[in-house]
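Please read the structure below before turning to the comments.
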Amino acid sequence: AKRFHDHRELLSSNVDFDAVIVATPDHTHAVISAAAMHAGKHVYCQKPLTHDAYESRALARIAKQTGVSTQLGIQGHSGEGRMLISEWIWDGAIGEVKEVEAWCSLSYAPHGHASWSSPCSDRPSKIQPIPEGMDWENWIGPAPMRPYHSCYHPKVWRCFWDFGSGMMGDRGVHTIDAIVSSLKLGHPESIECHQVKGGTKDVHPESAIIEFRFPQREGFPPLKLTWREGSEPPRPKELEEGRNFPKEGGVIYKGSKGMLMNDVYGGSPRLIPETAMKAFKRPKKILPRVKDGHEQDWIRACKAGKYDGAGAHFGYGGHLTEITLLGNVAKKFPGKKLNWDGELMRVTNHDEANAWVRRPYRDGWSLDKLA
């Protein structure tokens with residue numbers, strides 16, 4: 001196999017290949033995926049699909065226009081648990097769901113800043129030499145240029161606003177997936193960050209609580225979705241003593257007839273209390289199953305030539321990522337309820353927030369078709 005330092009050189013070369021897997025830091029997902037799709041390549045992109053909400057909408061549009069097969073790397077979407085959650089809720093196992101708690105108890109703090117003079121600094125004051133063989137210009141990509149430092153790369157870029165999407169993008173896309181698909185969520189009508197701890201203009205916060213409000217949908221009442229990162233929700237009284245929350249995070253669906261809990265990837269769904277689970281008569285399975293994994297689901301779509309043949313194609317994955325990344329917009333304006341117009345893709349009551357819906361690109365980078 002030939003090796004390239006720059007995806008643009010690969011895509012303009014005479015190398016014959018069919019598909020691309022994008023596993024770079026978040027801030028370059030969109031530009032690489034868009035360039036590959038414009039070149040007629042199928043694309044599997046790791047989560048979160050993009051770095052901001054505008055990019056998510058754009059990639060969904062490009063995927064449909066080009067007709068290539070795509071898949072977002074949220075393996076739980078192809079899992080049995082995510083499908084059981086939908087089937088149980090649709091069958092009325094817990095009644096009408098008007099409230100959902102979703103969380104990731106992990107935190108990036110102290111952000112891997114041991115090499116800094118102060119863990120609370122926005123940026124390191126010292127400049128380090130670029131490691132031999134590293135193309136720092138290309139790694140920075142569409143983000144604003146800054147000098148190289150090991151606090152960004154390797155590994156720690158996720159907690160920086162310019163490169164990563166924080167816990168909302170890291171785990172939120174996984175965790176909220178089953179909620180979006182089971183409750184058939186469209187655009188939220190508002191997003192509000194109720195609590196935020198730590199963080200700087202450069203670094204994502206240590207913890208946050210964000211509330212999404214969704215309007216009534218056909219067959220579903222209005223929904224309040226609360227996302228917590230760096231903490232857990234209040235423990236329901238129905239959860240038996242000695243029974244733990246799922247490790248690292250999960251979801252609790254609060255229905256008019258009961259509750260349902262699952263882990264961060266939509267797996268291990270159980271009604272609570274356990275007595276309700278044991279008494280539950282499971283409905284017939286109606287969703288098609290993926291028996292050999294999320295990646296094979298994409299490969300089949302590529303071979304069939306179906307742009308929406310994979311379960312988490314960019315039409316779905318883009319919408320899911322867009323929702324979660326609106327949570328990051330709310331983090332920038334804690335205590336401010338942001339009203340969202342999904343069709344116009346704008347915050348309608350706080351124009352300053354729209355600068356975070358679509359982040360500007362550095363000169364020389366765009367989502368447009370390659371010349």
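Residue numbering restarts at 1 in every chain; chains get A, B, ... in the order shown in the structure tokens, and ligands count up from 1 in that same order.
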Based on DSSP run over this structure's backbone, return all residues of range 105-315 of chain A in strand (DSSP E), as an MDAnalysis selection string.
chainID A and resid 190:197 207:214 223:229 249:255 259:263 270:272
From A:Leu225, A:Val329, A:Ile209, A:Val347, residue lying nearest Val251 in chain A [only C-alpha atoms]
A:Leu225
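Between CA of Lys47 in chain A and CA of His174 in chain A lies a distance of 8.0 Å.
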Counting only C-alpha atoms, what are the residues of range 145-169 of chain A within 12 Å of range 17-24 of chain A, and for each of them which pair of atoms is the nearest and at what distance in Å, to one decimal? Sort the table by chain and rising number, as a tab-separated table.
```
residue	atom	partner	partner_atom	distance
A:His153	CA	A:Thr24	CA	11.6
A:Pro154	CA	A:Thr24	CA	11.4
A:Lys155	CA	A:Thr24	CA	11.1
A:Trp157	CA	A:Thr24	CA	10.8
A:Arg158	CA	A:Thr24	CA	11.0
A:Phe163	CA	A:Thr24	CA	10.2
A:Gly164	CA	A:Thr24	CA	10.5
```
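Residues with any atom within 6 Å of Gly250 in chain A, counting only C-alpha atoms and excluding same-chain neighbours fewer than 5 positions away, are Ala102, Trp103, Asn262, Asp263 and Val264 of chain A.
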Considering only C-alpha atoms, return as a ChimeraX atom specification whatever protein or nucleic-acid residues lie within 10 Å of range 350-356 of chain A, sequence-local ones (same chain, fewer than 2 positions apart) excluded.
/A:52-54,325-326,328-330,332-333,336-340,345-348,358-360
Output N, CA and C atoms of each residue in that selection to a file, as a PDB file, in the first residue's frame.
```pdb
ATOM      1  N   ASP A  52     -18.743  20.567  14.422  1.00  0.00           N
ATOM      2  CA  ASP A  52     -19.837  21.491  14.733  1.00  0.00           C
ATOM      3  C   ASP A  52     -21.110  21.057  14.014  1.00  0.00           C
ATOM      4  N   ALA A  53     -22.220  21.654  14.409  1.00  0.00           N
ATOM      5  CA  ALA A  53     -23.529  21.229  13.906  1.00  0.00           C
ATOM      6  C   ALA A  53     -23.680  21.497  12.411  1.00  0.00           C
ATOM      7  N   TYR A  54     -23.163  22.622  11.935  1.00  0.00           N
ATOM      8  CA  TYR A  54     -23.272  22.931  10.506  1.00  0.00           C
ATOM      9  C   TYR A  54     -22.614  21.850   9.655  1.00  0.00           C
ATOM     10  N   LEU A 325     -24.103  18.134  19.273  1.00  0.00           N
ATOM     11  CA  LEU A 325     -23.179  19.261  19.234  1.00  0.00           C
ATOM     12  C   LEU A 325     -23.864  20.586  19.532  1.00  0.00           C
ATOM     13  N   LEU A 326     -25.188  20.633  19.438  1.00  0.00           N
ATOM     14  CA  LEU A 326     -25.893  21.817  19.917  1.00  0.00           C
ATOM     15  C   LEU A 326     -25.733  21.952  21.430  1.00  0.00           C
ATOM     16  N   ASN A 328     -22.962  21.506  22.932  1.00  0.00           N
ATOM     17  CA  ASN A 328     -21.727  22.261  23.095  1.00  0.00           C
ATOM     18  C   ASN A 328     -21.947  23.753  22.906  1.00  0.00           C
ATOM     19  N   VAL A 329     -22.854  24.124  22.010  1.00  0.00           N
ATOM     20  CA  VAL A 329     -23.184  25.537  21.839  1.00  0.00           C
ATOM     21  C   VAL A 329     -23.755  26.081  23.144  1.00  0.00           C
ATOM     22  N   ALA A 330     -24.646  25.311  23.770  1.00  0.00           N
ATOM     23  CA  ALA A 330     -25.260  25.747  25.029  1.00  0.00           C
ATOM     24  C   ALA A 330     -24.223  25.907  26.131  1.00  0.00           C
ATOM     25  N   LYS A 332     -21.406  27.144  25.952  1.00  0.00           N
ATOM     26  CA  LYS A 332     -20.754  28.447  25.813  1.00  0.00           C
ATOM     27  C   LYS A 332     -21.595  29.588  26.399  1.00  0.00           C
ATOM     28  N   PHE A 333     -22.880  29.306  26.663  1.00  0.00           N
ATOM     29  CA  PHE A 333     -23.788  30.345  27.165  1.00  0.00           C
ATOM     30  C   PHE A 333     -24.611  29.788  28.322  1.00  0.00           C
ATOM     31  N   LYS A 336     -28.526  30.450  29.673  1.00  0.00           N
ATOM     32  CA  LYS A 336     -29.296  31.079  28.606  1.00  0.00           C
ATOM     33  C   LYS A 336     -30.036  30.011  27.818  1.00  0.00           C
ATOM     34  N   LYS A 337     -31.361  30.076  27.800  1.00  0.00           N
ATOM     35  CA  LYS A 337     -32.151  29.153  26.996  1.00  0.00           C
ATOM     36  C   LYS A 337     -32.050  29.564  25.531  1.00  0.00           C
ATOM     37  N   LEU A 338     -31.522  28.681  24.704  1.00  0.00           N
ATOM     38  CA  LEU A 338     -31.331  28.977  23.287  1.00  0.00           C
ATOM     39  C   LEU A 338     -32.462  28.351  22.479  1.00  0.00           C
ATOM     40  N   ASN A 339     -33.251  29.185  21.828  1.00  0.00           N
ATOM     41  CA  ASN A 339     -34.343  28.692  20.989  1.00  0.00           C
ATOM     42  C   ASN A 339     -33.778  28.340  19.610  1.00  0.00           C
ATOM     43  N   TRP A 340     -34.115  27.130  19.144  1.00  0.00           N
ATOM     44  CA  TRP A 340     -33.485  26.600  17.936  1.00  0.00           C
ATOM     45  C   TRP A 340     -34.492  26.431  16.811  1.00  0.00           C
ATOM     46  N   MET A 345     -31.627  26.408  10.765  1.00  0.00           N
ATOM     47  CA  MET A 345     -30.376  26.084  11.440  1.00  0.00           C
ATOM     48  C   MET A 345     -29.798  27.315  12.132  1.00  0.00           C
ATOM     49  N   ARG A 346     -30.623  27.918  12.991  1.00  0.00           N
ATOM     50  CA  ARG A 346     -30.204  29.128  13.684  1.00  0.00           C
ATOM     51  C   ARG A 346     -30.773  29.165  15.092  1.00  0.00           C
ATOM     52  N   VAL A 347     -29.972  29.728  16.005  1.00  0.00           N
ATOM     53  CA  VAL A 347     -30.478  30.141  17.304  1.00  0.00           C
ATOM     54  C   VAL A 347     -31.190  31.462  17.084  1.00  0.00           C
ATOM     55  N   THR A 348     -32.454  31.534  17.440  1.00  0.00           N
ATOM     56  CA  THR A 348     -33.273  32.688  17.061  1.00  0.00           C
ATOM     57  C   THR A 348     -33.306  33.795  18.108  1.00  0.00           C
ATOM     58  N   ARG A 358     -21.627  27.179  13.496  1.00  0.00           N
ATOM     59  CA  ARG A 358     -20.718  27.001  12.357  1.00  0.00           C
ATOM     60  C   ARG A 358     -19.418  27.714  12.654  1.00  0.00           C
ATOM     61  N   ARG A 359     -18.373  26.943  12.928  1.00  0.00           N
ATOM     62  CA  ARG A 359     -17.070  27.524  13.238  1.00  0.00           C
ATOM     63  C   ARG A 359     -16.363  27.923  11.942  1.00  0.00           C
ATOM     64  N   PRO A 360     -15.678  29.051  11.935  1.00  0.00           N
ATOM     65  CA  PRO A 360     -14.971  29.469  10.705  1.00  0.00           C
ATOM     66  C   PRO A 360     -13.781  28.562  10.420  1.00  0.00           C
TER      67      PRO A 360
END
```
List the neighbours of Leu223 in chain A out to 6 Å using only C-alpha atoms; skip same-chain residues closer than 3 positions along the sequence, and give me the result as number ranges by chain.
A: 98-99, 213-214
Expected file contents, prior selection, C-alpha atoms, as a PDB file, in the first residue's frame:
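Output contents, as saved in selection.pdb:
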```pdb
ATOM      1  CA  LYS A  98     -41.877  12.543  28.460  1.00  0.00           C
ATOM      2  CA  GLU A  99     -38.513  12.658  30.219  1.00  0.00           C
ATOM      3  CA  ARG A 213     -36.564  20.224  24.751  1.00  0.00           C
ATOM      4  CA  PHE A 214     -38.220  18.440  21.822  1.00  0.00           C
TER       5      PHE A 214
END
```
Please provide as number ranges by chain all residues within 10 Å of Leu287 in chain A, with the sequence filter that same-chain residues fewer than 6 positions apart are discarded (counting only C-alpha atoms).
A: 80, 83-84, 86-87
Write a file of the selected residues as a PDB file, in the first residue's frame, keeping all heavy atoms.
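So the final result, stored in again15.pdb, reads:
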```pdb
ATOM      1  N   GLU A  80     -27.953  -5.360  19.470  1.00  0.00           N
ATOM      2  CA  GLU A  80     -29.272  -5.874  19.837  1.00  0.00           C
ATOM      3  C   GLU A  80     -29.986  -4.956  20.821  1.00  0.00           C
ATOM      4  O   GLU A  80     -31.191  -4.746  20.749  1.00  0.00           O
ATOM      5  CB  GLU A  80     -29.111  -7.278  20.439  1.00  0.00           C
ATOM      6  CG  GLU A  80     -30.397  -7.924  20.910  1.00  0.00           C
ATOM      7  CD  GLU A  80     -31.327  -8.349  19.776  1.00  0.00           C
ATOM      8  OE1 GLU A  80     -30.907  -8.233  18.595  1.00  0.00           O
ATOM      9  OE2 GLU A  80     -32.440  -8.814  20.066  1.00  0.00           O
ATOM     10  N   MET A  83     -31.980  -1.985  19.429  1.00  0.00           N
ATOM     11  CA  MET A  83     -33.206  -2.400  18.745  1.00  0.00           C
ATOM     12  C   MET A  83     -34.284  -2.844  19.737  1.00  0.00           C
ATOM     13  O   MET A  83     -35.469  -2.559  19.541  1.00  0.00           O
ATOM     14  CB  MET A  83     -32.863  -3.501  17.745  1.00  0.00           C
ATOM     15  CG  MET A  83     -31.880  -3.008  16.685  1.00  0.00           C
ATOM     16  SD  MET A  83     -31.304  -4.290  15.576  1.00  0.00           S
ATOM     17  CE  MET A  83     -29.983  -3.415  14.719  1.00  0.00           C
ATOM     18  N   LEU A  84     -33.863  -3.507  20.798  1.00  0.00           N
ATOM     19  CA  LEU A  84     -34.832  -3.908  21.828  1.00  0.00           C
ATOM     20  C   LEU A  84     -35.466  -2.684  22.482  1.00  0.00           C
ATOM     21  O   LEU A  84     -36.677  -2.672  22.755  1.00  0.00           O
ATOM     22  CB  LEU A  84     -34.143  -4.766  22.886  1.00  0.00           C
ATOM     23  CG  LEU A  84     -33.703  -6.169  22.471  1.00  0.00           C
ATOM     24  CD1 LEU A  84     -32.959  -6.837  23.614  1.00  0.00           C
ATOM     25  CD2 LEU A  84     -34.895  -7.020  22.032  1.00  0.00           C
ATOM     26  N   SER A  86     -36.100   0.238  21.190  1.00  0.00           N
ATOM     27  CA  SER A  86     -37.142   0.765  20.306  1.00  0.00           C
ATOM     28  C   SER A  86     -38.380  -0.115  20.335  1.00  0.00           C
ATOM     29  O   SER A  86     -39.512   0.378  20.487  1.00  0.00           O
ATOM     30  CB  SER A  86     -36.610   0.862  18.870  1.00  0.00           C
ATOM     31  OG  SER A  86     -35.619   1.863  18.750  1.00  0.00           O
ATOM     32  N   GLU A  87     -38.186  -1.405  20.214  1.00  0.00           N
ATOM     33  CA  GLU A  87     -39.331  -2.324  20.166  1.00  0.00           C
ATOM     34  C   GLU A  87     -40.123  -2.320  21.459  1.00  0.00           C
ATOM     35  O   GLU A  87     -41.357  -2.354  21.443  1.00  0.00           O
ATOM     36  CB  GLU A  87     -38.825  -3.729  19.832  1.00  0.00           C
ATOM     37  CG  GLU A  87     -38.323  -3.846  18.395  1.00  0.00           C
ATOM     38  CD  GLU A  87     -37.505  -5.099  18.141  1.00  0.00           C
ATOM     39  OE1 GLU A  87     -37.093  -5.764  19.121  1.00  0.00           O
ATOM     40  OE2 GLU A  87     -37.266  -5.425  16.956  1.00  0.00           O
TER      41      GLU A  87
END
```
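Distances here use only C-alpha atoms; by that measure, the residue among A:Glu9, A:Asp16, A:Asp341, A:Glu55 closest to Phe314 in chain A is A:Glu55.
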Can you pull out every residue within 8 Å of Pro283 in chain A, counting only C-alpha atoms, but drop anything in the same chain fewer than 2 positions away, and send it as a list in words?
Glu87, Trp88, Asp91, Lys281 and Lys285 of chain A
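The coordinates place CA of Cys159 in chain A at 28.6 Å from CA of Tyr253 in chain A.
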Residues of range 49-145 of chain A that have any atom at most 9 Å from an atom of range 268-279 of chain A: could you tabulate them with the shortest-distance atom pair and the distance in Å to one decimal, using only C-alpha atoms, ordered by chain and increasing number, as CSV?
```
residue,atom,partner,partner_atom,distance
A:Glu80,CA,A:Ser268,CA,8.8
A:Gly81,CA,A:Ser268,CA,5.9
A:Arg82,CA,A:Pro269,CA,8.1
A:Leu84,CA,A:Pro269,CA,7.5
A:Ile85,CA,A:Pro269,CA,6.6
A:Ala93,CA,A:Leu271,CA,8.5
A:Ile94,CA,A:Leu271,CA,8.2
```
Nearest-residue call for Val196 in chain A, choices A:Lys331, A:Lys237, A:Lys254, A:His38, using only C-alpha atoms:
A:Lys331
Contacts between range 297-307 of chain A and range 55-137 of chain A, please, where a residue of range 55-137 of chain A counts if it comes within 6 Å (with only C-alpha atoms); show its shortest atom pair and distance in Å to one decimal, rows by chain and ascending number, as a tab-separated table.
```
residue	atom	partner	partner_atom	distance
A:Gly67	CA	A:Tyr307	CA	4.9
A:Val68	CA	A:Tyr307	CA	4.9
A:Ser69	CA	A:Tyr307	CA	4.1
A:Gln71	CA	A:Trp298	CA	5.9
```
Which of range 154-207 of chain A counts as alpha helix (DSSP H) under DSSP, as a ChimeraX atom specification please?
/A:166-170,172-182
Store the residues picked out above, limited to N, CA and C atoms, as a short mmCIF file (atom, residue, chain, number, x, y, z; two decimals), in the first residue's frame.
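Ended up saving to out-v5.cif:
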```
data_model
loop_
_atom_site.label_atom_id
_atom_site.label_comp_id
_atom_site.auth_asym_id
_atom_site.auth_seq_id
_atom_site.Cartn_x
_atom_site.Cartn_y
_atom_site.Cartn_z
N GLY A 166 -15.38 17.53 23.08
CA GLY A 166 -15.67 17.31 24.48
C GLY A 166 -16.41 16.00 24.72
N MET A 167 -16.91 15.84 25.92
CA MET A 167 -17.62 14.61 26.26
C MET A 167 -18.95 14.52 25.51
N MET A 168 -19.50 15.65 25.12
CA MET A 168 -20.76 15.67 24.37
C MET A 168 -20.58 14.95 23.04
N GLY A 169 -19.44 15.17 22.38
CA GLY A 169 -19.17 14.48 21.13
C GLY A 169 -18.56 13.11 21.32
N ASP A 170 -17.73 12.98 22.35
CA ASP A 170 -17.03 11.73 22.60
C ASP A 170 -18.00 10.61 23.00
N GLY A 172 -21.50 11.44 24.11
CA GLY A 172 -22.90 11.82 23.91
C GLY A 172 -23.50 11.22 22.66
N VAL A 173 -22.74 11.15 21.57
CA VAL A 173 -23.26 10.59 20.32
C VAL A 173 -23.62 9.12 20.51
N HIS A 174 -22.77 8.38 21.21
CA HIS A 174 -23.07 6.98 21.53
C HIS A 174 -24.36 6.88 22.36
N THR A 175 -24.41 7.66 23.42
CA THR A 175 -25.45 7.50 24.43
C THR A 175 -26.82 7.97 23.95
N ILE A 176 -26.85 9.04 23.19
CA ILE A 176 -28.12 9.62 22.76
C ILE A 176 -28.67 8.90 21.53
N ASP A 177 -27.87 8.08 20.88
CA ASP A 177 -28.29 7.36 19.68
C ASP A 177 -29.60 6.61 19.88
N ALA A 178 -29.67 5.77 20.90
CA ALA A 178 -30.88 4.97 21.12
C ALA A 178 -32.09 5.84 21.45
N ILE A 179 -31.85 6.99 22.05
CA ILE A 179 -32.95 7.91 22.37
C ILE A 179 -33.53 8.49 21.09
N VAL A 180 -32.64 8.95 20.19
CA VAL A 180 -33.08 9.54 18.93
C VAL A 180 -33.86 8.54 18.10
N SER A 181 -33.36 7.30 18.02
CA SER A 181 -34.01 6.31 17.15
C SER A 181 -35.29 5.77 17.77
N SER A 182 -35.32 5.54 19.08
CA SER A 182 -36.51 4.95 19.70
C SER A 182 -37.64 5.96 19.85
#
```
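Here CA of Pro144 in chain A and CA of Arg362 in chain A stand 5.9 Å from one another.
Each of A:Val97, A:Gly92, A:Leu183, A:Trp365 was checked against Phe280 in chain A using only C-alpha atoms; the smallest atom-to-atom distance is that of A:Gly92.
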